[in-house]
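A.B. asks: Below is final-v9.pdb; it holds PDB, C-alpha atoms (C1' of nucleotides).
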```
ATOM      1  CA  MET O  19     -14.728 -38.588  39.649
ATOM      2  CA  THR O  20     -12.225 -41.264  38.837
ATOM      3  CA  ARG O  21      -9.996 -43.206  41.194
ATOM      4  CA  THR O  22      -7.102 -40.971  40.276
ATOM      5  CA  ARG O  23      -8.947 -37.791  41.090
ATOM      6  CA  GLN O  24     -10.209 -39.200  44.339
ATOM      7  CA  ALA O  25      -6.644 -40.078  45.279
ATOM      8  CA  VAL O  26      -5.637 -36.472  44.676
ATOM      9  CA  LEU O  27      -8.567 -35.131  46.677
ATOM     10  CA  ALA O  28      -7.835 -37.540  49.499
ATOM     11  CA  LEU O  29      -4.239 -36.367  49.542
ATOM     12  CA  LEU O  30      -5.340 -32.756  49.717
ATOM     13  CA  GLN O  31      -7.652 -33.601  52.588
ATOM     14  CA  ARG O  32      -4.979 -35.173  54.694
ATOM     15  CA  THR O  33      -2.384 -32.526  53.852
ATOM     16  CA  ARG O  34      -2.358 -29.400  55.945
ATOM     17  CA  GLN O  35       0.046 -27.387  53.812
ATOM     18  CA  PRO O  36      -0.786 -26.148  50.340
ATOM     19  CA  VAL O  37       0.952 -28.583  48.002
ATOM     20  CA  SER O  38       2.588 -28.207  44.608
ATOM     21  CA  ALA O  39       1.938 -30.450  41.605
ATOM     22  CA  ASN O  40       5.306 -32.090  42.099
ATOM     23  CA  GLU O  41       4.667 -32.745  45.756
ATOM     24  CA  ILE O  42       1.351 -34.379  44.884
ATOM     25  CA  PHE O  43       3.097 -36.471  42.258
ATOM     26  CA  ASP O  44       5.896 -37.563  44.590
ATOM     27  CA  GLN O  45       3.552 -38.316  47.463
ATOM     28  CA  LEU O  46       1.247 -40.456  45.347
ATOM     29  CA  GLN O  47       4.235 -42.282  43.865
ATOM     30  CA  GLN O  48       5.335 -43.177  47.377
ATOM     31  CA  GLU O  49       1.858 -44.467  48.098
ATOM     32  CA  LYS O  50       2.085 -46.666  45.012
ATOM     33  CA  VAL O  51      -0.635 -44.731  43.234
ATOM     34  CA  ALA O  52       0.273 -44.712  39.559
ATOM     35  CA  ILE O  53      -0.225 -41.225  38.239
ATOM     36  CA  ASP O  54       1.504 -39.071  35.675
ATOM     37  CA  LEU O  55       2.647 -35.556  36.509
ATOM     38  CA  VAL O  56       0.656 -34.308  33.536
ATOM     39  CA  THR O  57      -2.443 -35.870  35.021
ATOM     40  CA  VAL O  58      -1.786 -34.059  38.279
ATOM     41  CA  TYR O  59      -1.720 -30.742  36.451
ATOM     42  CA  ARG O  60      -4.870 -31.582  34.533
ATOM     43  CA  THR O  61      -6.606 -32.786  37.671
ATOM     44  CA  MET O  62      -5.801 -29.600  39.517
ATOM     45  CA  HIS O  63      -7.208 -27.656  36.627
ATOM     46  CA  VAL O  64     -10.456 -29.619  36.802
ATOM     47  CA  LEU O  65     -10.727 -29.329  40.580
ATOM     48  CA  LYS O  66     -10.217 -25.611  40.296
ATOM     49  CA  GLU O  67     -12.975 -25.345  37.705
ATOM     50  CA  LEU O  68     -15.254 -27.336  40.014
ATOM     51  CA  GLY O  69     -14.522 -24.885  42.787
ATOM     52  CA  LEU O  70     -13.106 -27.572  45.050
ATOM     53  CA  VAL O  71      -9.555 -26.295  45.116
ATOM     54  CA  LEU O  72      -7.762 -22.970  45.415
ATOM     55  CA  GLN O  73      -4.565 -22.251  43.512
ATOM     56  CA  LEU O  74      -1.916 -20.186  45.275
ATOM     57  CA  ASP O  75       0.958 -18.483  43.515
ATOM     58  CA  LEU O  76       2.988 -17.314  46.416
ATOM     59  CA  HIS O  77       5.487 -14.581  45.874
ATOM     60  CA  GLN O  78       8.922 -15.737  44.730
ATOM     61  CA  GLU O  79       8.148 -19.429  44.920
ATOM     62  CA  GLY O  80       8.048 -19.855  41.162
ATOM     63  CA  LEU O  81       5.397 -22.565  41.298
ATOM     64  CA  SER O  82       1.731 -23.035  42.096
ATOM     65  CA  ARG O  83       0.341 -24.626  45.221
ATOM     66  CA  TYR O  84      -3.113 -25.987  45.820
ATOM     67  CA  GLU O  85      -5.350 -26.270  48.848
ATOM     68  CA  LEU O  86      -8.884 -27.513  49.441
ATOM     69  CA  LYS O  87     -11.466 -24.799  49.318
ATOM     70  CA  GLU O  88     -14.021 -26.521  51.527
ATOM     71  CA  GLY O  89     -15.897 -23.798  53.359
ATOM     72  CA  ARG O  90     -12.937 -21.508  53.653
ATOM     73  CA  GLU O  91     -13.306 -17.795  53.506
ATOM     74  CA  HIS O  92     -10.986 -15.519  51.632
ATOM     75  CA  HIS O  93      -7.681 -15.573  53.450
ATOM     76  CA  HIS O  94      -3.973 -14.883  53.064
ATOM     77  CA  HIS O  95      -0.826 -16.754  53.906
ATOM     78  CA  ILE O  96       2.492 -16.335  55.612
ATOM     79  CA  ARG O  97       5.496 -18.402  54.605
ATOM     80  CA  CYS O  98       8.745 -19.010  56.411
ATOM     81  CA  GLN O  99      11.696 -17.981  54.275
ATOM     82  CA  ILE O 100      13.828 -20.722  55.693
ATOM     83  CA  CYS O 101      11.747 -23.894  55.956
ATOM     84  CA  GLY O 102       8.892 -22.949  53.674
ATOM     85  CA  LEU O 103       6.190 -23.473  56.252
ATOM     86  CA  ILE O 104       2.946 -21.884  55.111
ATOM     87  CA  VAL O 105       0.366 -20.775  57.643
ATOM     88  CA  ASP O 106      -3.075 -19.327  56.994
ATOM     89  CA  LEU O 107      -3.841 -15.854  58.207
ATOM     90  CA  LEU O 108      -7.305 -15.502  59.638
ATOM     91  CA  LEU O 109      -7.467 -11.786  59.249
ATOM     92  CA  CYS O 110      -7.474  -9.727  56.126
ATOM     93  CA  PRO O 111      -8.672  -6.208  56.977
ATOM     94  CA  LEU O 112      -5.102  -5.061  56.658
ATOM     95  CA  LYS O 113      -4.658  -2.659  59.553
ATOM     96  CA  LYS O 114      -1.925  -2.865  62.110
ATOM     97  CA  VAL O 115      -1.246  -5.898  60.032
ATOM     98  CA  THR O 116       2.257  -6.789  60.975
ATOM     99  CA  LYS O 117       1.817  -6.656  64.736
ATOM    100  CA  LEU O 118      -1.374  -8.679  64.716
ATOM    101  CA  ILE O 119       0.081 -11.303  62.433
ATOM    102  CA  GLU O 120       3.182 -11.615  64.545
ATOM    103  CA  GLN O 121       1.031 -12.109  67.620
ATOM    104  CA  GLN O 122      -1.247 -14.553  65.899
ATOM    105  CA  THR O 123       1.341 -16.711  64.206
ATOM    106  CA  GLN O 124       4.440 -16.195  66.324
ATOM    107  CA  PHE O 125       6.264 -15.421  63.106
ATOM    108  CA  ILE O 126       8.693 -12.563  62.833
ATOM    109  CA  VAL O 127       7.465 -10.630  59.827
ATOM    110  CA  ASP O 128      10.203  -9.086  57.756
ATOM    111  CA  ASP O 129       8.454  -8.434  54.478
ATOM    112  CA  HIS O 130       5.132  -8.547  52.765
ATOM    113  CA  THR O 131       3.716  -8.149  49.299
ATOM    114  CA  LEU O 132       0.431  -6.582  48.378
ATOM    115  CA  GLU O 133      -0.875  -6.731  44.827
ATOM    116  CA  PHE O 134      -4.094  -5.602  43.283
ATOM    117  CA  THR O 135      -5.600  -6.467  39.955
ATOM    118  CA  GLY O 136      -8.466  -4.757  38.212
ATOM    119  CA  LEU O 137      -9.407  -2.732  35.208
ATOM    120  CA  CYS O 138      -7.583   0.443  34.243
ATOM    121  CA  PRO O 139      -9.485   3.508  33.023
ATOM    122  CA  GLN O 140      -8.902   2.702  29.359
ATOM    123  CA  CYS O 141     -10.199  -0.847  29.675
ATOM    124  CA  GLN O 142     -13.345  -0.267  31.646
TER     125      GLN O 142
ATOM    126  CA  MET W   7      29.900   0.060  34.638
ATOM    127  CA  THR W   8      30.302  -1.072  31.089
ATOM    128  CA  ARG W   9      28.631   0.276  27.988
ATOM    129  CA  THR W  10      26.191  -2.609  28.054
ATOM    130  CA  ARG W  11      25.123  -1.925  31.599
ATOM    131  CA  GLN W  12      24.767   1.751  30.941
ATOM    132  CA  ALA W  13      22.508   0.960  28.007
ATOM    133  CA  VAL W  14      20.291  -1.096  30.295
ATOM    134  CA  LEU W  15      20.210   1.618  32.936
ATOM    135  CA  ALA W  16      19.424   4.238  30.330
ATOM    136  CA  LEU W  17      16.560   2.117  29.070
ATOM    137  CA  LEU W  18      15.187   1.758  32.584
ATOM    138  CA  GLN W  19      15.401   5.496  33.046
ATOM    139  CA  ARG W  20      13.367   6.317  29.995
ATOM    140  CA  THR W  21      10.830   3.553  30.613
ATOM    141  CA  ARG W  22       7.937   4.308  32.892
ATOM    142  CA  GLN W  23       6.606   0.795  33.219
ATOM    143  CA  PRO W  24       8.466  -1.986  35.001
ATOM    144  CA  VAL W  25      10.053  -4.046  32.228
ATOM    145  CA  SER W  26      10.821  -7.719  31.859
ATOM    146  CA  ALA W  27      14.159  -9.184  30.769
ATOM    147  CA  ASN W  28      12.689 -10.025  27.391
ATOM    148  CA  GLU W  29      11.341  -6.527  26.900
ATOM    149  CA  ILE W  30      14.757  -5.083  27.705
ATOM    150  CA  PHE W  31      16.321  -7.497  25.245
ATOM    151  CA  ASP W  32      13.851  -6.700  22.464
ATOM    152  CA  GLN W  33      14.030  -2.970  23.014
ATOM    153  CA  LEU W  34      17.832  -2.883  22.923
ATOM    154  CA  GLN W  35      17.837  -5.075  19.819
ATOM    155  CA  GLN W  36      15.613  -2.526  18.108
ATOM    156  CA  GLU W  37      18.018   0.194  19.127
ATOM    157  CA  LYS W  38      20.852  -1.776  17.533
ATOM    158  CA  VAL W  39      22.514  -2.392  20.878
ATOM    159  CA  ALA W  40      24.088  -5.840  20.679
ATOM    160  CA  ILE W  41      23.282  -7.674  23.866
ATOM    161  CA  ASP W  42      22.542 -11.260  24.781
ATOM    162  CA  LEU W  43      19.457 -12.189  26.767
ATOM    163  CA  VAL W  44      21.724 -13.959  29.249
ATOM    164  CA  THR W  45      23.593 -10.716  29.755
ATOM    165  CA  VAL W  46      20.337  -8.947  30.477
ATOM    166  CA  TYR W  47      19.568 -11.419  33.238
ATOM    167  CA  ARG W  48      23.055 -11.137  34.665
ATOM    168  CA  THR W  49      22.952  -7.364  34.457
ATOM    169  CA  MET W  50      19.657  -7.199  36.314
ATOM    170  CA  HIS W  51      21.159  -9.389  38.987
ATOM    171  CA  VAL W  52      24.102  -7.023  39.366
ATOM    172  CA  LEU W  53      21.936  -3.917  39.396
ATOM    173  CA  LYS W  54      19.777  -5.472  42.065
ATOM    174  CA  GLU W  55      22.828  -6.257  44.184
ATOM    175  CA  LEU W  56      23.968  -2.661  43.774
ATOM    176  CA  GLY W  57      20.596  -1.489  45.017
ATOM    177  CA  LEU W  58      19.857   0.408  41.814
ATOM    178  CA  VAL W  59      16.963  -1.709  40.677
ATOM    179  CA  LEU W  60      13.904  -3.355  42.193
ATOM    180  CA  GLN W  61      12.656  -6.715  41.013
ATOM    181  CA  LEU W  62       8.903  -7.244  40.900
ATOM    182  CA  ASP W  63       7.262 -10.636  40.697
ATOM    183  CA  LEU W  64       3.689  -9.677  40.131
ATOM    184  CA  HIS W  65       1.015 -12.188  40.840
ATOM    185  CA  GLN W  66       0.192 -14.537  37.968
ATOM    186  CA  GLU W  67       2.502 -12.890  35.483
ATOM    187  CA  GLY W  68       4.971 -15.748  35.539
ATOM    188  CA  LEU W  69       7.956 -13.503  34.957
ATOM    189  CA  SER W  70      10.020 -10.848  36.710
ATOM    190  CA  ARG W  71       9.913  -7.151  36.012
ATOM    191  CA  TYR W  72      12.418  -4.502  36.937
ATOM    192  CA  GLU W  73      12.184  -0.827  37.804
ATOM    193  CA  LEU W  74      14.692   1.792  38.899
ATOM    194  CA  LYS W  75      14.928   2.225  42.614
ATOM    195  CA  GLU W  76      16.136   5.804  42.589
ATOM    196  CA  GLY W  77      14.811   7.446  45.725
ATOM    197  CA  ARG W  78      11.574   5.550  45.759
ATOM    198  CA  GLU W  79       9.927   4.524  48.920
ATOM    199  CA  HIS W  80       8.391   1.148  49.522
ATOM    200  CA  HIS W  81       5.325   0.931  47.324
ATOM    201  CA  HIS W  82       2.892  -1.462  45.705
ATOM    202  CA  HIS W  83       1.438  -1.831  42.244
ATOM    203  CA  ILE W  84      -1.816  -2.298  40.458
ATOM    204  CA  ARG W  85      -1.998  -4.014  37.091
ATOM    205  CA  CYS W  86      -4.734  -4.031  34.515
ATOM    206  CA  GLN W  87      -5.795  -7.581  33.734
ATOM    207  CA  ILE W  88      -6.521  -6.713  30.160
ATOM    208  CA  CYS W  89      -3.741  -4.467  28.858
ATOM    209  CA  GLY W  90      -1.126  -5.125  31.495
ATOM    210  CA  LEU W  91      -0.695  -1.502  32.490
ATOM    211  CA  ILE W  92       1.132  -1.260  35.788
ATOM    212  CA  VAL W  93       0.650   1.770  38.016
ATOM    213  CA  ASP W  94       2.398   2.573  41.280
ATOM    214  CA  LEU W  95       0.337   2.915  44.417
ATOM    215  CA  LEU W  96       1.477   5.704  46.683
ATOM    216  CA  LEU W  97      -0.190   4.357  49.766
ATOM    217  CA  CYS W  98       0.560   1.231  51.696
ATOM    218  CA  PRO W  99      -1.075   1.491  55.139
ATOM    219  CA  LEU W 100      -3.664  -0.959  53.945
ATOM    220  CA  LYS W 101      -6.912   0.381  55.356
ATOM    221  CA  LYS W 102      -9.964   1.138  53.340
ATOM    222  CA  VAL W 103      -7.530   0.095  50.711
ATOM    223  CA  THR W 104      -9.751  -0.712  47.824
ATOM    224  CA  LYS W 105     -11.778   2.458  47.879
ATOM    225  CA  LEU W 106      -8.764   4.707  48.145
ATOM    226  CA  ILE W 107      -6.963   2.905  45.381
ATOM    227  CA  GLU W 108      -9.943   3.104  43.109
ATOM    228  CA  GLN W 109     -10.168   6.833  43.750
ATOM    229  CA  GLN W 110      -6.485   7.381  43.281
ATOM    230  CA  THR W 111      -5.937   5.325  40.150
ATOM    231  CA  GLN W 112      -9.360   5.270  38.557
ATOM    232  CA  PHE W 113      -8.984   1.509  38.336
ATOM    233  CA  ILE W 114     -11.815  -0.824  39.193
ATOM    234  CA  VAL W 115     -10.274  -3.193  41.712
ATOM    235  CA  ASP W 116     -11.554  -6.721  41.503
ATOM    236  CA  ASP W 117      -8.874  -8.667  43.324
ATOM    237  CA  HIS W 118      -5.765  -8.305  45.360
ATOM    238  CA  THR W 119      -3.052 -10.446  46.843
ATOM    239  CA  LEU W 120      -1.312  -9.902  50.143
ATOM    240  CA  GLU W 121       1.665 -12.006  51.145
ATOM    241  CA  PHE W 122       3.992 -11.887  54.080
ATOM    242  CA  THR W 123       7.333 -13.530  54.560
ATOM    243  CA  GLY W 124       9.272 -13.925  57.756
ATOM    244  CA  LEU W 125      10.575 -16.426  60.210
ATOM    245  CA  CYS W 126       8.382 -19.076  61.787
ATOM    246  CA  PRO W 127       8.753 -19.974  65.467
ATOM    247  CA  GLN W 128      10.993 -22.982  64.758
ATOM    248  CA  CYS W 129      13.401 -20.992  62.635
ATOM    249  CA  GLN W 130      13.857 -17.926  64.780
TER     250      GLN W 130
ATOM    251  C1'  DA U   8     -24.018 -57.429  29.422
ATOM    252  C1'  DT U   9     -22.922 -54.894  24.794
ATOM    253  C1'  DG U  10     -21.590 -51.635  21.854
ATOM    254  C1'  DG U  11     -20.831 -46.756  21.091
ATOM    255  C1'  DT U  12     -19.585 -42.206  22.684
ATOM    256  C1'  DA U  13     -17.158 -39.190  25.546
ATOM    257  C1'  DT U  14     -13.798 -38.534  28.962
ATOM    258  C1'  DT U  15      -9.421 -39.462  31.096
ATOM    259  C1'  DT U  16      -4.778 -40.942  31.063
ATOM    260  C1'  DG U  17       0.234 -41.678  29.781
ATOM    261  C1'  DC U  18       3.945 -40.685  26.947
ATOM    262  C1'  DA U  19       6.579 -37.702  24.222
ATOM    263  C1'  DA U  20       7.396 -33.424  22.834
ATOM    264  C1'  DT U  21       7.097 -28.502  23.503
ATOM    265  C1'  DA U  22       6.914 -23.764  25.587
ATOM    266  C1'  DG U  23       8.789 -20.194  28.332
ATOM    267  C1'  DA U  24      11.612 -18.049  31.993
ATOM    268  C1'  DC U  25      15.745 -18.383  33.811
ATOM    269  C1'  DT U  26      20.544 -20.411  34.943
ATOM    270  C1'  DT U  27      25.115 -22.493  34.293
ATOM    271  C1'  DG U  28      29.624 -23.922  32.024
ATOM    272  C1'  DC U  29      32.985 -22.477  29.410
ATOM    273  C1'  DA U  30      35.843 -20.111  26.417
ATOM    274  C1'  DA U  31      36.786 -15.591  24.440
ATOM    275  C1'  DC U  32      37.221 -10.994  25.385
ATOM    276  C1'  DA U  33      37.859  -6.723  27.753
ATOM    277  C1'  DA U  34      39.445  -3.938  31.542
ATOM    278  C1'  DT U  35      42.358  -2.983  35.494
ATOM    279  C1'  DG U  36      46.564  -2.521  37.999
ATOM    280  C1'  DA U  37      51.114  -3.544  39.659
TER     281       DA U  37
ATOM    282  C1'  DT Q  11      53.746  -5.983  29.827
ATOM    283  C1'  DC Q  12      51.958  -9.580  32.220
ATOM    284  C1'  DA Q  13      48.743 -11.280  35.300
ATOM    285  C1'  DT Q  14      44.507 -11.031  37.602
ATOM    286  C1'  DT Q  15      39.847  -9.990  37.550
ATOM    287  C1'  DG Q  16      35.486  -9.078  35.653
ATOM    288  C1'  DT Q  17      32.188  -9.291  31.563
ATOM    289  C1'  DT Q  18      30.101 -11.263  27.533
ATOM    290  C1'  DG Q  19      28.129 -14.663  24.068
ATOM    291  C1'  DC Q  20      26.951 -19.098  22.874
ATOM    292  C1'  DA Q  21      25.250 -23.561  23.853
ATOM    293  C1'  DA Q  22      23.155 -26.412  26.720
ATOM    294  C1'  DG Q  23      20.523 -27.373  30.764
ATOM    295  C1'  DT Q  24      16.835 -26.696  34.563
ATOM    296  C1'  DC Q  25      12.298 -26.290  36.082
ATOM    297  C1'  DT Q  26       7.331 -25.552  35.908
ATOM    298  C1'  DA Q  27       3.722 -26.180  33.120
ATOM    299  C1'  DT Q  28       1.191 -27.227  28.616
ATOM    300  C1'  DT Q  29      -0.177 -29.698  24.244
ATOM    301  C1'  DG Q  30      -0.900 -33.547  20.695
ATOM    302  C1'  DC Q  31      -2.136 -37.899  20.118
ATOM    303  C1'  DA Q  32      -3.180 -42.570  20.731
ATOM    304  C1'  DA Q  33      -4.580 -45.965  24.111
ATOM    305  C1'  DA Q  34      -7.251 -46.973  28.099
ATOM    306  C1'  DT Q  35     -11.162 -46.174  30.880
ATOM    307  C1'  DA Q  36     -15.732 -44.675  32.296
ATOM    308  C1'  DC Q  37     -20.507 -43.818  31.151
ATOM    309  C1'  DC Q  38     -24.901 -44.810  29.134
ATOM    310  C1'  DA Q  39     -28.706 -46.196  26.324
ATOM    311  C1'  DT Q  40     -30.137 -50.138  24.266
TER     312       DT Q  40
END
```
Translate the structure of the given file into structure tokens.

C.D. replies:
Amino acid sequence: MTRTRQAVLALLQRTRQPVSANEIFDQLQQEKVAIDLVTVYRTMHVLKELGLVLQLDLHQEGLSRYELKEGREHHHHIRCQICGLIVDLLLCPLKKVTKLIEQQTQFIVDDHTLEFTGLCPQCQ
Amino acid sequence: MTRTRQAVLALLQRTRQPVSANEIFDQLQQEKVAIDLVTVYRTMHVLKELGLVLQLDLHQEGLSRYELKEGREHHHHIRCQICGLIVDLLLCPLKKVTKLIEQQTQFIVDDHTLEFTGLCPQCQ
DNA sequence: ATGGTATTTGCAATAGACTTGCAACAATGA
DNA sequence: TCATTGTTGCAAGTCTATTGCAAATACCAT
């Protein structure tokens, strides 16, 4: 755990939103922490391997975001199409989903994406 | 509707899997249809605008795929992590999801992603 | 501390998907 | 036919992310 990596972790701790590599880079630049963008990517890779960080690839964002794993359970996200605000969803069971989420987050839901991954019959 | 665009549409019609821009490009090259990759991208944009084609941005693929809209209802997909096979899911209601999907597709589900988009309170 | 090994970092270059500018080339229509 | 519009190809550029390599740093046993 080097100074650089601690700076990244500290940033993640004080950031509520999932952040992209570029946002981490920019933020640390502003705080006069010398760090290369490449190092940010490599650090995120390491923190993921260590299980400290979750990587999010939100639909249609075209980039990866990262958030601290801490003790968090499996959860999903909702993102505002206009300002980009990302809010955690505390439920997952996926029934009456839209109504509950609208109540819980005060968002107006207009779309969602559901994807599964697994093994197809031929590959099992 | 130019010859080029008809060639793309025809390809989509005879393809069962959602295809990427590069796959369209390669396939048409093989069929001796002269087309630029840029034109493929622009054509997909047009076909999307016309409501003829759906664009899929599947989780962790890092590229877009396209499929004919035809009369299809809203649906989701499942993709094999090994061979990349993509199969349509006919259900969406999202309850007991995993079990049903495993029965229906014979896949072994090991992960899924659910994302919503909408308007946050500040932006409404 | 000291020297040696392994890890981490920065810089430059690269990869891959996608977009844009621009000029050439249809196609359409009065 | 001429003018207006839409379409294409080529080159170059954007953006996120990765890789090679040498220099800097951290770690550790002596």

A.B. asks: Hey, list the chain O side of the contact with chain U: 9 Å cut-off, only C-alpha atoms (C1' of nucleotides), answer as a count of residues only.

C.D. replies: 5

A.B. asks: Which residues match the PyMOL selection byres ((chain Q) within 12 of (chain W)) in the file above, as a list in words?

C.D. replies: DG16, DT17, DT18, DG19, DC20, DA21, DT26 and DA27 of chain Q

A.B. asks: Suppose you want the space between atom CA of His81 of chain W and atom CA of Asp94 of chain W; what is it in Å?

C.D. replies: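 A separation of 6.9 Å between them.
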
A.B. asks: Neighbours of Glu120 of chain O within 10 Å (only C-alpha atoms (C1' of nucleotides); same-chain residues fewer than 6 positions away dropped), as a ChimeraX atom specification?

C.D. replies: /O:126-127 /W:124-126

A.B. asks: Tell me, in Å to one decimal, how far atom CA of Val71 of chain O is from atom CA of Leu86 of chain O.

C.D. replies: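 Distance between the two atoms: 4.5 Å.
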
A.B. asks: In Å, with one decimal, what is the gap from atom CA of Gly80 of chain O to atom CA of Gly68 of chain W?

C.D. replies: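 These two atoms are separated by 7.6 Å.
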
A.B. asks: With distances taken over only C-alpha atoms, which residue among W:Leu58, W:Leu64, W:Val52, W:Leu15 lies nearest Arg78 of chain W?

C.D. replies: W:Leu58
